[in-house]
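J.: My structure is in protein_9.cif, and what it holds is mmCIF, C-alpha atoms:
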```cif
data_work
#
loop_
_atom_site.label_atom_id
_atom_site.label_comp_id
_atom_site.auth_asym_id
_atom_site.auth_seq_id
_atom_site.Cartn_x
_atom_site.Cartn_y
_atom_site.Cartn_z
CA MET A 15 37.14 70.99 173.83
CA VAL A 16 39.36 74.03 173.74
CA ALA A 17 39.92 75.74 170.43
CA PRO A 18 42.76 78.07 171.37
CA ASP A 19 44.10 81.00 169.47
CA ARG A 20 47.33 82.93 169.53
CA GLU A 21 47.66 86.64 168.95
CA SER A 22 49.71 87.55 165.90
CA GLY A 23 52.77 88.75 167.78
CA MET A 24 54.09 91.89 166.18
CA ASP A 25 50.80 93.29 164.88
CA GLN A 26 49.04 93.00 168.21
CA SER A 27 51.98 94.30 170.18
CA LEU A 28 52.00 97.47 168.09
CA THR A 29 48.40 98.29 169.03
CA LEU A 30 47.78 96.73 172.44
CA ASN A 31 49.49 97.40 175.73
CA PRO A 32 50.47 94.36 177.85
CA ALA A 33 47.34 94.52 180.04
CA ALA A 34 45.01 94.69 177.03
CA LEU A 35 46.89 91.90 175.29
CA GLN A 36 46.60 89.68 178.38
CA SER A 37 42.88 90.45 178.60
CA GLN A 38 42.45 89.50 174.95
CA ARG A 39 44.25 86.17 175.49
CA LEU A 40 42.03 85.40 178.48
CA ARG A 41 38.82 86.20 176.56
CA ARG A 42 39.85 83.89 173.73
CA VAL A 43 40.61 81.03 176.09
CA LEU A 44 37.32 81.51 177.95
CA PHE A 45 35.35 81.53 174.71
CA ALA A 46 37.16 78.45 173.41
CA ILE A 47 36.57 76.49 176.62
CA LEU A 48 32.91 77.47 176.91
CA ALA A 49 32.18 76.76 173.23
CA GLY A 50 34.44 73.82 172.39
CA GLY A 51 34.46 72.23 175.84
CA SER A 52 30.69 72.44 176.17
CA ALA A 53 30.15 70.90 172.71
CA HIS A 54 32.46 67.99 173.60
CA THR A 55 30.73 67.43 176.95
CA LEU A 56 27.26 67.57 175.37
CA LEU A 57 28.18 65.06 172.64
CA CYS A 58 29.51 62.56 175.18
CA TRP A 59 26.50 63.14 177.46
CA ILE A 60 24.20 62.25 174.56
CA SER A 61 26.33 59.13 174.00
CA LEU A 62 25.79 58.29 177.66
CA GLN A 63 22.01 58.63 177.27
CA LEU A 64 22.12 56.34 174.21
CA ASP A 65 24.17 53.80 176.19
CA PHE A 66 27.18 54.31 173.90
CA PHE A 67 29.42 55.47 176.79
CA ARG A 68 31.21 52.46 178.21
CA GLY A 69 31.57 52.69 181.98
CA GLY A 70 28.31 54.46 182.66
CA SER A 71 27.58 57.64 184.57
CA SER A 72 30.32 57.20 187.19
CA LEU A 73 33.08 57.10 184.56
CA PHE A 74 31.46 59.95 182.61
CA TYR A 75 31.40 62.31 185.58
CA ALA A 76 34.88 61.31 186.76
CA LEU A 77 36.41 61.75 183.30
CA PHE A 78 34.77 65.07 182.50
CA GLY A 79 35.38 66.31 186.03
CA ALA A 80 39.10 65.82 185.40
CA ILE A 81 38.88 67.45 181.97
CA TRP A 82 37.10 70.53 183.31
CA VAL A 83 39.51 70.82 186.24
CA GLY A 84 42.25 71.02 183.62
CA HIS A 85 40.32 73.71 181.73
CA LEU A 86 39.89 75.73 184.91
CA GLY A 87 43.58 75.27 185.65
CA PHE A 88 44.49 76.98 182.37
CA ILE A 89 42.09 79.83 183.14
CA LEU A 90 43.49 80.29 186.66
CA PHE A 91 47.04 80.20 185.30
CA MET A 92 46.19 83.09 182.98
CA LEU A 93 44.20 85.01 185.59
CA LEU A 94 47.29 84.99 187.81
CA GLY A 95 49.36 86.25 184.88
CA LEU A 96 51.78 83.32 185.10
CA ASN A 97 51.53 82.77 181.35
CA ARG A 98 53.38 86.06 180.79
CA ARG A 99 56.56 84.36 181.97
CA LEU A 100 56.34 81.81 179.17
CA SER A 101 57.97 82.16 175.76
CA GLU A 102 54.48 81.57 174.29
CA PRO A 103 52.11 83.56 176.57
CA SER A 104 49.00 82.40 174.66
CA MET A 105 49.91 78.79 175.56
CA ILE A 106 48.54 77.54 172.26
CA MET A 107 50.37 74.22 172.19
CA PRO A 108 49.70 73.18 175.83
CA LEU A 109 46.04 74.05 175.33
CA MET A 110 45.69 72.10 172.09
CA VAL A 111 47.61 69.09 173.43
CA TRP A 112 45.44 69.02 176.56
CA SER A 113 42.26 69.30 174.50
CA THR A 114 43.37 66.61 172.05
CA THR A 115 44.24 64.32 174.97
CA GLY A 116 40.72 64.86 176.30
CA ILE A 117 39.02 63.76 173.08
CA LEU A 118 41.35 60.74 172.79
CA LEU A 119 40.42 59.63 176.31
CA THR A 120 36.72 59.94 175.60
CA ALA A 121 37.11 58.22 172.20
CA LEU A 122 38.45 55.22 174.13
CA VAL A 123 35.20 54.76 176.07
CA VAL A 124 32.52 55.61 173.49
CA ASP A 125 31.11 53.24 170.91
CA GLN A 126 29.24 53.93 167.67
CA VAL A 127 30.07 57.67 167.74
CA ARG A 128 33.85 57.47 168.09
CA LEU A 129 34.48 59.26 164.79
CA CYS A 130 32.09 62.05 165.82
CA VAL A 131 34.14 62.59 168.97
CA MET A 132 37.39 62.62 167.01
CA MET A 133 35.98 65.20 164.59
CA ILE A 134 36.08 67.69 167.47
CA PHE A 135 39.84 67.76 166.80
CA PHE A 136 39.16 70.09 163.87
CA ALA A 137 37.37 72.49 166.20
CA ILE A 138 40.42 72.48 168.42
CA VAL A 139 42.67 73.59 165.59
CA GLN A 140 40.30 75.80 163.57
CA MET A 141 41.68 78.97 165.15
CA GLY A 142 45.06 77.65 166.21
CA VAL A 143 45.90 76.61 162.66
CA LEU A 144 45.84 80.27 161.65
CA GLN A 145 48.40 81.17 164.31
CA ALA A 146 50.52 78.13 165.16
CA SER A 147 53.50 77.23 163.03
CA PHE A 148 53.23 74.40 160.52
CA ARG A 149 55.67 72.30 162.54
CA GLN A 150 53.61 72.71 165.72
CA PHE A 151 50.40 71.72 163.99
CA ALA A 152 52.01 68.75 162.19
CA ARG A 153 53.23 67.39 165.53
CA LEU A 154 49.79 67.80 167.08
CA ALA A 155 48.15 66.10 164.08
CA ALA A 156 50.58 63.16 164.27
CA TYR A 157 49.85 62.83 168.00
CA CYS A 158 46.10 62.77 167.34
CA VAL A 159 46.22 60.27 164.41
CA PHE A 160 48.65 57.95 166.20
CA GLY A 161 46.63 58.18 169.43
CA TYR A 162 43.45 57.31 167.52
CA ALA A 163 45.18 54.22 166.09
CA VAL A 164 46.34 53.16 169.57
CA ILE A 165 42.78 53.52 170.86
CA LEU A 166 41.46 51.25 168.10
CA GLY A 167 44.12 48.71 168.96
CA VAL A 168 43.20 48.80 172.65
CA VAL A 169 39.45 48.56 171.98
CA SER A 170 39.86 45.68 169.52
CA GLY A 171 42.09 43.88 172.05
CA TYR A 172 39.93 44.31 175.17
CA TRP A 173 36.40 44.80 173.83
CA PRO A 174 36.31 43.08 170.41
CA GLU A 175 32.58 42.40 170.77
CA VAL A 176 31.69 46.12 170.69
CA VAL A 177 33.79 47.16 167.72
CA ASP A 178 33.40 46.67 163.99
CA LEU A 179 37.13 46.44 163.36
CA ARG A 180 36.92 46.89 159.59
CA GLY A 181 34.54 49.82 159.84
CA GLU A 182 36.57 51.49 162.60
CA TRP A 183 39.81 51.33 160.61
CA ILE A 184 38.04 52.71 157.53
CA GLN A 185 36.89 55.62 159.68
CA TRP A 186 40.45 56.03 161.01
CA GLY A 187 41.73 56.16 157.42
CA LEU A 188 39.12 58.78 156.50
CA PHE A 189 40.03 60.84 159.56
CA SER A 190 43.76 60.59 158.73
CA VAL A 191 43.17 61.79 155.16
CA MET A 192 41.19 64.75 156.47
CA VAL A 193 43.96 65.59 158.92
CA LEU A 194 46.51 65.39 156.09
CA ALA A 195 44.41 67.84 154.09
CA VAL A 196 44.35 70.21 157.03
CA ILE A 197 48.14 69.87 157.37
CA LEU A 198 48.59 70.87 153.74
CA LEU A 199 46.24 73.80 154.27
CA ALA A 200 48.18 74.74 157.39
CA SER A 201 51.40 74.67 155.40
CA GLU A 202 50.00 77.11 152.86
CA ILE A 203 48.58 79.35 155.58
CA SER A 204 51.88 79.26 157.45
CA THR A 205 53.74 80.34 154.30
CA ILE A 206 51.30 83.20 153.67
CA ARG A 207 51.47 84.24 157.32
CA SER A 208 55.27 84.32 157.23
CA GLN A 209 55.20 86.46 154.10
CA LEU A 210 52.67 88.83 155.66
CA SER A 211 54.73 89.01 158.83
CA ARG A 212 57.85 89.97 156.87
CA ARG A 213 55.91 92.57 154.91
CA ASN A 214 54.40 93.94 158.11
CA LEU A 215 57.88 94.29 159.57
CA GLN A 216 59.04 96.07 156.44
CA LEU A 217 55.97 98.31 156.50
CA ALA A 218 56.48 99.12 160.17
CA ASP A 219 60.10 100.01 159.44
CA ILE A 220 59.05 102.26 156.55
CA VAL A 221 56.38 103.95 158.68
CA GLU A 222 58.92 104.51 161.45
CA ARG A 223 61.39 106.00 158.99
CA ILE A 224 58.76 108.29 157.51
CA HIS A 225 57.76 109.39 160.99
CA ASP A 226 61.36 110.06 161.93
CA MET A 227 61.89 112.05 158.74
CA ALA A 228 58.83 114.13 159.58
CA VAL A 229 59.67 114.90 163.20
CA LYS A 230 63.45 114.44 163.49
CA ASP A 231 66.44 116.18 162.02
CA GLU A 232 68.33 113.70 159.86
CA MET A 233 71.82 114.84 160.84
CA THR A 234 71.50 115.07 164.62
CA GLY A 235 68.49 112.84 165.31
CA PHE A 236 66.97 115.67 167.38
CA TYR A 237 63.35 116.72 166.97
CA ARG A 238 62.49 119.39 164.43
CA ARG A 239 61.14 122.73 165.67
CA ARG A 240 57.44 122.07 165.05
CA HIS A 241 57.30 118.72 166.77
CA ALA A 242 59.54 119.95 169.58
CA MET A 243 57.14 122.82 170.30
CA GLU A 244 54.25 120.35 170.46
CA LEU A 245 56.16 118.22 172.96
CA LEU A 246 57.16 121.33 174.91
CA GLY A 247 53.48 122.29 175.15
CA LYS A 248 52.69 118.92 176.73
CA ALA A 249 55.67 119.22 179.08
CA CYS A 250 54.52 122.69 180.14
CA GLY A 251 51.07 121.28 180.91
CA GLN A 252 52.56 118.59 183.16
CA ALA A 253 54.83 121.14 184.86
CA ALA A 254 51.82 123.39 185.47
CA ARG A 255 50.14 120.48 187.27
CA GLY A 256 53.16 120.12 189.52
CA ALA A 257 54.67 116.98 188.02
CA TYR A 258 58.10 118.58 187.90
CA GLN A 259 59.94 121.85 187.28
CA LEU A 260 60.78 122.49 183.65
CA GLY A 261 63.96 124.01 182.30
CA VAL A 262 64.33 125.16 178.69
CA VAL A 263 67.86 125.70 177.38
CA TYR A 264 68.53 127.59 174.14
CA LEU A 265 72.01 126.77 172.74
CA ASP A 266 74.07 128.08 169.87
CA LEU A 267 77.42 126.82 168.56
CA ASP A 268 79.86 129.74 168.72
CA HIS A 269 81.26 131.03 165.43
CA PHE A 270 79.78 128.13 163.49
CA LYS A 271 79.71 130.08 160.23
CA ARG A 272 83.43 130.69 160.61
CA ILE A 273 83.98 126.93 161.04
CA ASN A 274 82.10 126.25 157.80
CA ASP A 275 83.98 128.96 155.93
CA GLN A 276 87.41 127.95 157.21
CA TYR A 277 87.16 124.16 157.33
CA GLY A 278 84.29 123.37 154.97
CA HIS A 279 80.76 122.12 155.41
CA ARG A 280 81.89 118.53 155.87
CA LEU A 281 83.64 119.41 159.11
CA GLY A 282 80.72 121.65 160.01
CA ASP A 283 78.42 118.65 159.74
CA LEU A 284 80.82 116.63 161.89
CA VAL A 285 80.70 119.35 164.56
CA LEU A 286 76.89 119.18 164.60
CA GLU A 287 76.95 115.39 164.90
CA ARG A 288 79.50 115.58 167.70
CA PHE A 289 77.35 118.11 169.56
CA ALA A 290 74.40 115.73 169.27
CA GLU A 291 76.49 112.87 170.67
CA VAL A 292 77.67 114.96 173.62
CA SER A 293 74.14 116.16 174.36
CA ARG A 294 72.68 112.65 174.25
CA ARG A 295 75.22 111.49 176.84
CA HIS A 296 73.78 114.03 179.27
CA LEU A 297 70.08 113.61 178.47
CA SER A 298 67.96 110.93 180.05
CA GLY A 299 64.43 110.07 181.07
CA GLN A 300 61.93 112.65 179.83
CA ASP A 301 64.58 115.08 178.56
CA PHE A 302 64.62 115.80 174.85
CA ALA A 303 66.52 117.98 172.39
CA ALA A 304 65.53 119.83 169.24
CA ARG A 305 67.39 121.44 166.38
CA LEU A 306 65.68 124.76 165.79
CA GLY A 307 67.69 125.58 162.70
CA GLY A 308 71.31 125.79 161.58
CA GLU A 309 73.49 125.73 164.71
CA GLU A 310 70.68 126.58 167.16
CA PHE A 311 69.32 123.95 169.54
CA MET A 312 66.86 123.63 172.38
CA LEU A 313 66.86 121.30 175.38
CA VAL A 314 63.70 120.59 177.38
CA LEU A 315 64.57 119.34 180.85
CA PRO A 316 62.02 118.12 183.42
CA VAL A 317 64.00 118.52 186.65
CA SER A 318 63.56 118.73 190.39
CA ASP A 319 65.15 122.19 190.68
CA PRO A 320 66.88 124.86 188.53
CA GLU A 321 70.32 123.78 189.69
CA GLU A 322 69.84 120.36 188.13
CA ALA A 323 68.99 121.94 184.77
CA SER A 324 71.96 124.31 185.07
CA ASN A 325 74.38 121.49 185.86
CA LEU A 326 73.17 119.46 182.90
CA ALA A 327 73.61 122.38 180.50
CA GLU A 328 77.05 123.18 181.93
CA GLY A 329 78.01 119.55 181.39
CA ILE A 330 77.19 119.79 177.70
CA LEU A 331 79.19 123.02 177.35
CA LEU A 332 82.14 121.40 179.09
CA GLY A 333 81.82 118.27 176.94
CA MET A 334 81.95 120.28 173.72
CA ARG A 335 84.84 122.37 175.00
CA SER A 336 86.91 119.20 175.34
CA GLN A 337 86.13 117.82 171.88
CA ARG A 338 88.94 117.49 169.33
CA PHE A 339 88.73 116.78 165.62
CA LYS A 340 91.44 114.91 163.75
CA GLU A 341 90.51 116.76 160.56
CA ALA A 342 91.33 120.05 162.34
CA PRO A 343 93.45 119.41 165.45
CA GLU A 344 93.64 123.09 166.32
CA LEU A 345 89.84 123.57 166.27
CA SER A 346 88.09 124.13 169.57
CA VAL A 347 84.30 124.34 169.51
CA THR A 348 82.42 126.19 172.23
CA VAL A 349 78.73 126.65 172.95
CA SER A 350 76.72 129.51 174.39
CA ALA A 351 73.48 128.78 176.19
CA GLY A 352 70.58 130.44 177.96
CA LEU A 353 68.41 128.74 180.56
CA ALA A 354 64.86 129.73 181.51
CA MET A 355 62.65 127.90 183.98
CA TYR A 356 58.99 127.54 183.05
CA HIS A 357 56.51 129.67 185.00
CA ARG A 358 52.92 128.56 185.51
CA GLU A 359 50.41 130.13 183.10
CA GLU A 360 53.25 130.79 180.66
CA THR A 361 53.02 129.66 177.03
CA PRO A 362 55.72 127.47 175.45
CA GLU A 363 56.64 130.36 173.13
CA GLN A 364 57.16 132.69 176.08
CA VAL A 365 59.56 130.40 177.94
CA VAL A 366 61.52 129.82 174.72
CA MET A 367 61.76 133.58 174.19
CA ARG A 368 63.15 134.04 177.71
CA ALA A 369 65.72 131.28 177.10
CA ASP A 370 66.63 132.99 173.82
CA ARG A 371 67.16 136.31 175.62
CA ALA A 372 69.44 134.56 178.11
CA LEU A 373 71.40 133.07 175.18
CA TYR A 374 71.78 136.56 173.70
CA GLN A 375 73.22 137.73 177.03
CA ALA A 376 75.68 134.83 176.99
CA LYS A 377 76.88 135.80 173.53
CA GLU A 378 77.08 139.48 174.40
CA SER A 379 79.17 138.77 177.49
CA GLY A 380 81.86 136.72 175.75
CA ARG A 381 80.28 133.40 174.62
CA ASP A 382 81.21 129.92 175.82
CA LYS A 383 79.02 130.19 178.87
CA LEU A 384 75.57 129.54 180.28
CA VAL A 385 73.40 132.42 181.40
CA VAL A 386 70.40 131.70 183.60
CA GLU A 387 67.51 134.04 182.87
CA GLN A 388 66.89 136.39 185.80
CA GLY A 389 63.96 135.39 187.92
CA ALA A 390 64.26 131.71 186.95
#
```
Rewrite the structure of this file - the entire thing - as structure tokens.
T.:
Amino acid sequence: MVAPDRESGMDQSLTLNPAALQSQRLRRVLFAILAGGSAHTLLCWISLQLDFFRGGSSLFYALFGAIWVGHLGFILFMLLGLNRRLSEPSMIMPLMVWSTTGILLTALVVDQVRLCVMMIFFAIVQMGVLQASFRQFARLAAYCVFGYAVILGVVSGYWPEVVDLRGEWIQWGLFSVMVLAVILLASEISTIRSQLSRRNLQLADIVERIHDMAVKDEMTGFYRRRHAMELLGKACGQAARGAYQLGVVYLDLDHFKRINDQYGHRLGDLVLERFAEVSRRHLSGQDFAARLGGEEFMLVLPVSDPEEASNLAEGILLGMRSQRFKEAPELSVTVSAGLAMYHREETPEQVVMRADRALYQAKESGRDKLVVEQGA
């Protein structure tokens, strides 16, 4: 019967894309059905050959035909991707319940080897127990033990001549004790798994923070220069292949040193944070921003045409122009900017230099404006 498995949620999702994760689920189900289902079928076929299968060949083929149709139904369900709509895409509980139901049905019609058939239950849960919650497994175990008891009651009531009632109930007791032991083991495994999951979440959070510290400016949340230039290089490569036009905007907060000197560094930091907020409201999609140092910033804008990049930059300048600070009501912060459009065969450093020259022209001609580099 099926010995299903469930991927470990967070860990797998960090390393596998949805298509790969779905493929992994399908491979596990196929392996479980071919291995566990084949073992169950073979054991009952041997029982049939030894005349231990009550009902003969006709019942054997009808029963296992239905069981394998169910197996194929699970496979088809996953092949169509319908399991992705479920809260538990691996379908661990439906698979284990179906498989357990299959061994209970066959345990009803076999004699002499009933306990051997029921032992397949441990194959069903050998992988699932490492992934399912303790509550899920406890419910499945109770279903199996109670179902086994019902089967013994039915057999002793309808076919008392083929059952050693005392021996069968001793075997049921032995099976129940073994299931209880597995439940206790599952409880311990579930506790360890929960602890590992929490630690993995903490570790992932720490790794993300370290990564952010390495590539992002703490105050603004923008990329640092080095990482931004790496991303710009990739964006230039895509622009060179015709994916989009690429605008690079070099910005500088006007008279920022004067703001620090007159109002203090605390307000200066607030101005930087406010600029980041205004910029983020205008950026979207593949756009990104970088803090190049002090009050200098860069925007990388994949656009359809230069006018789109110009309008976006003008929007940021206008947004900063309208900002007011309760700590300094009279303060008005403006921004100067230079825009350069990437040219094919150009290096990232070259397009940044052209944007910087355009920024210099904006400052030389009165500040608080955007200058588009000639020829862009």
J.: Counting all atoms listed in the file, write as a list in words all protein and nucleic acid residues lying at most 9 Å from (61.8, 119.8, 167.5) in the file's frame.
T.: Val229, Lys230, Asp231, Phe236, Tyr237, Arg238, Arg239, Arg240, His241, Ala242, Met243, Glu244, Leu245, Leu246, Phe302, Ala303, Ala304, Arg305, Leu306, Phe311 and Met312 of chain A
J.: Which is closer to Trp186 (chain A) than all the others in A:Leu332, A:Leu215, A:Gly261, A:Arg128, using only C-alpha atoms?
T.: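 Selected residue with least distance to Trp186 (chain A): A:Arg128.
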J.: What is the CA of Arg272 (chain A) to CA of Glu328 (chain A) distance in Å?
T.: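 About the pair CA of Arg272 (chain A) and CA of Glu328 (chain A): they are 23.5 Å apart.
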J.: Could you check the closest approach to Val123 (chain A) for each of A:Glu359, A:Asp219, A:Glu232, A:Asp65 and tell me which residue wins, using all atoms listed in the file?
T.: A:Asp65
J.: For region 333-336 of chain A, I'd like the enclosing box, axis-aligned and padded by 3 Å on every side, reported as AutoDock Vina command-line options with centre and edge lengths in Å to one decimal.
T.:
```
--center_x 84.4 --center_y 120.3 --center_z 175.3 --size_x 11.1 --size_y 10.1 --size_z 9.2
```
J.: Applied to this file, what does the PyMOL selection byres ((chain A and resi 340-355) around 9) return in terms of residues, put as a short mmCIF file (atom, residue, chain, number, x, y, z; two decimals) with C-alpha atoms, keeping the file's coordinate frame?
T.:
```cif
data_model
loop_
_atom_site.label_atom_id
_atom_site.label_comp_id
_atom_site.auth_asym_id
_atom_site.auth_seq_id
_atom_site.Cartn_x
_atom_site.Cartn_y
_atom_site.Cartn_z
CA GLN A 259 59.94 121.85 187.28
CA LEU A 260 60.78 122.49 183.65
CA GLY A 261 63.96 124.01 182.30
CA VAL A 262 64.33 125.16 178.69
CA VAL A 263 67.86 125.70 177.38
CA TYR A 264 68.53 127.59 174.14
CA LEU A 265 72.01 126.77 172.74
CA ASP A 266 74.07 128.08 169.87
CA LEU A 267 77.42 126.82 168.56
CA ASP A 268 79.86 129.74 168.72
CA HIS A 269 81.26 131.03 165.43
CA PHE A 270 79.78 128.13 163.49
CA ILE A 273 83.98 126.93 161.04
CA TYR A 277 87.16 124.16 157.33
CA LEU A 281 83.64 119.41 159.11
CA VAL A 285 80.70 119.35 164.56
CA PRO A 320 66.88 124.86 188.53
CA ALA A 323 68.99 121.94 184.77
CA SER A 324 71.96 124.31 185.07
CA ALA A 327 73.61 122.38 180.50
CA GLU A 328 77.05 123.18 181.93
CA ILE A 330 77.19 119.79 177.70
CA LEU A 331 79.19 123.02 177.35
CA LEU A 332 82.14 121.40 179.09
CA MET A 334 81.95 120.28 173.72
CA ARG A 335 84.84 122.37 175.00
CA SER A 336 86.91 119.20 175.34
CA GLN A 337 86.13 117.82 171.88
CA ARG A 338 88.94 117.49 169.33
CA PHE A 339 88.73 116.78 165.62
CA TYR A 356 58.99 127.54 183.05
CA HIS A 357 56.51 129.67 185.00
CA VAL A 365 59.56 130.40 177.94
CA VAL A 366 61.52 129.82 174.72
CA MET A 367 61.76 133.58 174.19
CA ARG A 368 63.15 134.04 177.71
CA ALA A 369 65.72 131.28 177.10
CA ASP A 370 66.63 132.99 173.82
CA ARG A 371 67.16 136.31 175.62
CA ALA A 372 69.44 134.56 178.11
CA LEU A 373 71.40 133.07 175.18
CA TYR A 374 71.78 136.56 173.70
CA GLN A 375 73.22 137.73 177.03
CA ALA A 376 75.68 134.83 176.99
CA LYS A 377 76.88 135.80 173.53
CA GLY A 380 81.86 136.72 175.75
CA ARG A 381 80.28 133.40 174.62
CA ASP A 382 81.21 129.92 175.82
CA LYS A 383 79.02 130.19 178.87
CA LEU A 384 75.57 129.54 180.28
CA VAL A 385 73.40 132.42 181.40
CA VAL A 386 70.40 131.70 183.60
CA GLU A 387 67.51 134.04 182.87
CA GLN A 388 66.89 136.39 185.80
CA GLY A 389 63.96 135.39 187.92
CA ALA A 390 64.26 131.71 186.95
#
```
J.: With distances taken over only C-alpha atoms, which of A:Tyr162, A:Trp183, A:Tyr172, A:Trp59 is nearest to Met133 (chain A)?
T.: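 Closest to Met133 (chain A), using only C-alpha atoms: A:Tyr162.
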J.: Just to confirm, what's the straight-line distance from CA of Arg213 (chain A) to CA of Ala33 (chain A) in Å (one decimal)?
T.: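 So the answer is 26.6 Å.
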J.: So, counting only C-alpha atoms, which residue among A:Thr234, A:Leu199, A:Ala253, A:Phe74 is closest to Gly307 (chain A)?
T.: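 So, comparing all the options, the nearest one is A:Thr234.
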J.: Taking the file as I've supplied it (selection: the PyMOL selection byres ((chain A and resi 97-102) around 12)), which residues are included? Please answer as JSON, numbers by chain.
T.: {"A": [19, 20, 21, 22, 23, 32, 33, 35, 36, 37, 39, 40, 87, 88, 89, 90, 91, 92, 93, 94, 95, 96, 103, 104, 105, 106, 107, 108, 109, 145, 146]}
J.: Go through A:Ser147, A:Ser113, A:Ser170, A:Ser318 one by one, measure the shortest atom-to-atom distance of each to Ile206 (chain A) using all atoms listed in the file, and give the residue with the smallest value.
T.: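 Residue with the minimum atom-to-atom distance to Ile206 (chain A): A:Ser147.
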J.: Tell me which protein, DNA and RNA residues are within 12 Å of Gly187 (chain A), counting all atoms listed in the file, leaving out same-chain ones fewer than 5 positions away, and put them as a PDB file with C-alpha atoms, in the coordinates of the input.
T.:
```
ATOM      1  CA  LEU A 129      34.480  59.260 164.790  1.00  0.00           C
ATOM      2  CA  VAL A 159      46.220  60.270 164.410  1.00  0.00           C
ATOM      3  CA  PHE A 160      48.650  57.950 166.200  1.00  0.00           C
ATOM      4  CA  TYR A 162      43.450  57.310 167.520  1.00  0.00           C
ATOM      5  CA  ALA A 163      45.180  54.220 166.090  1.00  0.00           C
ATOM      6  CA  LEU A 166      41.460  51.250 168.100  1.00  0.00           C
ATOM      7  CA  ARG A 180      36.920  46.890 159.590  1.00  0.00           C
ATOM      8  CA  GLY A 181      34.540  49.820 159.840  1.00  0.00           C
ATOM      9  CA  GLU A 182      36.570  51.490 162.600  1.00  0.00           C
ATOM     10  CA  MET A 192      41.190  64.750 156.470  1.00  0.00           C
ATOM     11  CA  VAL A 193      43.960  65.590 158.920  1.00  0.00           C
ATOM     12  CA  LEU A 194      46.510  65.390 156.090  1.00  0.00           C
TER      13      LEU A 194
END
```
